[in-house]
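*Asks:* There's a structure below that I have some questions on.
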Amino acid sequence: MKIAFDAKRYYHNNTGLGNYSRTLVGCLQRLFPDNSYMLYDAPPLPRTFSLAHKAKREGCDLFHGLSNELPLRLPDNMPTVVTMHDVAWRTFPDMYHAADRVIYDFKYGRACRNATHVVAISESTKRDVMRFYGVPEENISVICQPVQEFYYNPLPAEEAETAISKRFNGSLPRDFILYVGSINSRKNLISLIDALALIKPGNRPFLLVVGNGRAYRNLVEQRIAQHKLQNSVSIATDIHNNTLLQALYAKARIFVYPSFYEGFGLPVVEAALQQTPVITTTVSSLPEAAGPDACLIDPHSPDAAEQMAHHIAELTADNELNQRIGKEMEQYARTHFDPTLLTNQMMQLYKRLAGNI
């Protein structure tokens, strides 16, 4: 088969959507090398509208929009697939300008309705696509997001220590808890700061936040100052090295991800693959990503910070519990999010849509 991809985020995005695109295409190339994979970068308007027609003229059997959208003009005789990652502009609208919400609703809703088939990266996203855009259930397949493959290979302890030492030069305490992700209102980081403040200073772990943000980051820093936690929290905005990030996941005592909404929750799986126990929430896709052994809290509960503080204190104090949950979460992640399994699911879908089965 000759498969075409809308690859603008493959080339131009260094975070979630770009990682999804590069990881999926890389796995397809490795596992199914006899196929041809055509990566179409977004051309200037108006040629973007006819990108799928260009792929059809060049002999492609199928067109896959990897990041929520498809070209506006689609050929009648070529199957099209769109991967929907989330519908956060609908489920968490306060984070988006009104004009952006209108644009996303038009582009992404149209892609869902016009695609031959929709791939949702979680059951939660599938439900959202059905709810907001009226896509029939039979037109949606849940194929979870593959994690970058290096996370499946344990990092040698010495290499991890070296990477952390080189970046932090001894300033990062040996026992620390970790958050990785954007610093915005949907991620609910203030709740984690409130939870830390509830733990007695002698038992309080150090929190490393890996990520960046704007207005909400200012609110987070104000809350840190309000609780006088400046010596207990550090925000690192410059960590883009894969080895260092994997080392932080592996060496963290706990990974905490208190988000209000996720299309999948990739950092949860990345942490679990390093045998690091996870505290996350009961909402959207996060229970799917974390599995049955994670510590889950209701982020909308009035006592969410108290719940989080309890789990942090427990997992910090109890080594046996910490290690058991970490190992169980790793096993769940390896079983459910194996790249070979997920890539095979995608290829079976391609073959079915292209009429090769």
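A note on labels: chains of the structure tokens are A, B, ... as shown, every chain counts residues from 1, and ligands are counted from 1 in their shown order.
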So that I can check the surroundings of stretch 186-192 of chain A, please list as a ChimeraX atom specification every protein, DNA and RNA residue that reaches within 6 Å of it, counting only C-alpha atoms and ignoring chain neighbours fewer than 3 positions away.
*Replies:* /A:195,220,258-260,305
*Asks:* Taking N, CA, C and O atoms for each residue, export the selection above as an mmCIF file, in the first residue's frame.
*Replies:*
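That gives us selection26.cif:
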```cif
data_model
loop_
_atom_site.group_PDB
_atom_site.id
_atom_site.type_symbol
_atom_site.label_atom_id
_atom_site.label_comp_id
_atom_site.auth_asym_id
_atom_site.auth_seq_id
_atom_site.Cartn_x
_atom_site.Cartn_y
_atom_site.Cartn_z
ATOM 1 N N ALA A 195 -1.870 20.681 47.771
ATOM 2 C CA ALA A 195 -1.657 19.395 48.434
ATOM 3 C C ALA A 195 -0.307 19.381 49.157
ATOM 4 O O ALA A 195 -0.208 18.905 50.293
ATOM 5 N N VAL A 220 0.292 29.935 39.519
ATOM 6 C CA VAL A 220 0.983 28.859 40.240
ATOM 7 C C VAL A 220 2.090 29.427 41.114
ATOM 8 O O VAL A 220 2.230 29.068 42.298
ATOM 9 N N PRO A 258 -2.521 15.992 37.974
ATOM 10 C CA PRO A 258 -3.858 16.256 38.507
ATOM 11 C C PRO A 258 -4.828 16.881 37.505
ATOM 12 O O PRO A 258 -5.729 17.635 37.876
ATOM 13 N N SER A 259 -4.724 16.549 36.237
ATOM 14 C CA SER A 259 -5.435 17.232 35.162
ATOM 15 C C SER A 259 -6.958 17.100 35.268
ATOM 16 O O SER A 259 -7.491 16.081 35.709
ATOM 17 N N PHE A 260 -7.649 18.149 34.804
ATOM 18 C CA PHE A 260 -9.103 18.135 34.698
ATOM 19 C C PHE A 260 -9.593 17.410 33.450
ATOM 20 O O PHE A 260 -10.728 16.949 33.405
ATOM 21 N N ALA A 305 -7.334 18.352 47.142
ATOM 22 C CA ALA A 305 -5.964 18.563 47.635
ATOM 23 C C ALA A 305 -5.671 17.628 48.798
ATOM 24 O O ALA A 305 -4.557 17.081 48.897
#
```
*Asks:* Enumerate as JSON, numbers by chain all residues of stretch 260-338 of chain A assigned to helix (DSSP H, G or I) by DSSP on the backbone, naming them with the chain letters and numbers the document uses.
*Replies:* {"A": [266, 267, 268, 269, 270, 271, 272, 286, 287, 288, 289, 290, 304, 305, 306, 307, 308, 309, 310, 311, 312, 313, 314, 315, 316, 317, 319, 320, 321, 322, 323, 324, 325, 326, 327, 328, 329, 330, 331, 332, 333, 334, 335, 336]}
*Asks:* One decimal, in Å: what's the spacing between atom CA of A:Thr125 and atom CA of A:Ser285?
*Replies:*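 Here the two named atoms are 7.3 Å from each other.
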*Asks:* Would you list the contacts of stretch 176-183 of chain A as a PyMOL selection string, taking every protein, DNA or RNA residue within 6 Å and counting only C-alpha atoms, but skipping same-chain residues closer than 4 positions in sequence?
*Replies:* chain A and resi 205-213+217+252-256
*Asks:* Using only C-alpha atoms, which residues sit within 12 Å of A:Phe337 once same-chain residues fewer than 6 positions away are excluded, as a ChimeraX atom specification?
*Replies:* /A:121-122,143-149,151-152,264,266,268-270,272-273,288-291,329-331,343-345
*Asks:* I'd like to know which of A:Arg204, A:Ala247, A:Asp100, A:Thr281 is closest to A:Leu315, using only C-alpha atoms.
*Replies:*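 Ranked by minimum distance to A:Leu315, first place goes to A:Arg204.
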*Asks:* Got a sec: who's within 7 Å of stretch 54-70 of chain A, counting only C-alpha atoms, leaving out chain neighbours fewer than 3 positions off, as a list in words?
*Replies:*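 Answer for this query is Met1, Lys2, Ile3, Ala4, Phe5, Asp6, Leu17, Ser21, Ser50, Leu51, Met78, Pro79, Thr80, Val81, Val82, Thr83, Met84, His85, Lys107, Tyr108, Ala111 and Ala354 of chain A.
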*Asks:* Could you check the closest approach to A:Thr91 for each of A:Asn77, A:Ser124, A:Ser165, A:Ser232 and tell me which residue wins, using only C-alpha atoms?
*Replies:*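 The shortest atom-to-atom distance to A:Thr91 comes from A:Ser124.
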*Asks:* Would you give me, as JSON, numbers by chain, the residues in stretch 96-318 of chain A that DSSP reads as strand (DSSP E)?
*Replies:* {"A": [117, 118, 119, 120, 140, 141, 142, 176, 177, 178, 179, 180, 206, 207, 208, 209, 210, 233, 234, 235, 236, 254, 255, 256, 278, 279, 280, 281, 295, 296, 297]}
*Asks:* Do a neighbour search on A:Lys126 at 9 Å with only C-alpha atoms, toss out local chain neighbours closer than 4 positions, and write the hits as a ChimeraX atom specification.
*Replies:* /A:84,86,118-122,130-131,137,140-142
*Asks:* Which residues are near A:Ala157? Cut-off 9 Å, only C-alpha atoms, ignore same chain within fewer than 2 positions. Put them as a list in words.
*Replies:*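 Neighbouring residues, sequence-local ones excluded: Pro154, Leu155, Glu159, Ala160, Glu161, Thr162, Ala247, Ala250 and Lys251 of chain A.
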*Asks:* Could you please determine the separation between atom CA of A:Arg127 and atom CA of A:Ala271 in Å, to one decimal place?
*Replies:* 25.7 Å
*Asks:* Give the answer as one residue: which of A:Gly202, A:Pro71, A:Trp89, A:Ile235 has the shortest atom-to-atom distance to A:Glu262, using only C-alpha atoms?
*Replies:*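 Between A:Gly202, A:Pro71, A:Trp89, A:Ile235, the residue approaching A:Glu262 most closely is A:Trp89.
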*Asks:* Work out how far apart atom CA of A:Leu296 and atom CA of A:Ser234 are and give it in Å to one decimal.
*Replies:*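 Straight-line distance from atom CA of A:Leu296 to atom CA of A:Ser234 works out to 24.1 Å.
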*Asks:* Nearest to A:Asp94 among A:Gly263, A:Ser185, A:Glu123, A:Ala225, with distances taken over only C-alpha atoms: which residue is it?
*Replies:* A:Ser185
*Asks:* Which of these, A:Asp41, A:Gln307, A:Leu248, A:Ser284, has the shortest distance to A:Phe168 once you count only C-alpha atoms?
*Replies:*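 Of A:Asp41, A:Gln307, A:Leu248, A:Ser284, the one nearest A:Phe168, counting only C-alpha atoms, is A:Leu248.
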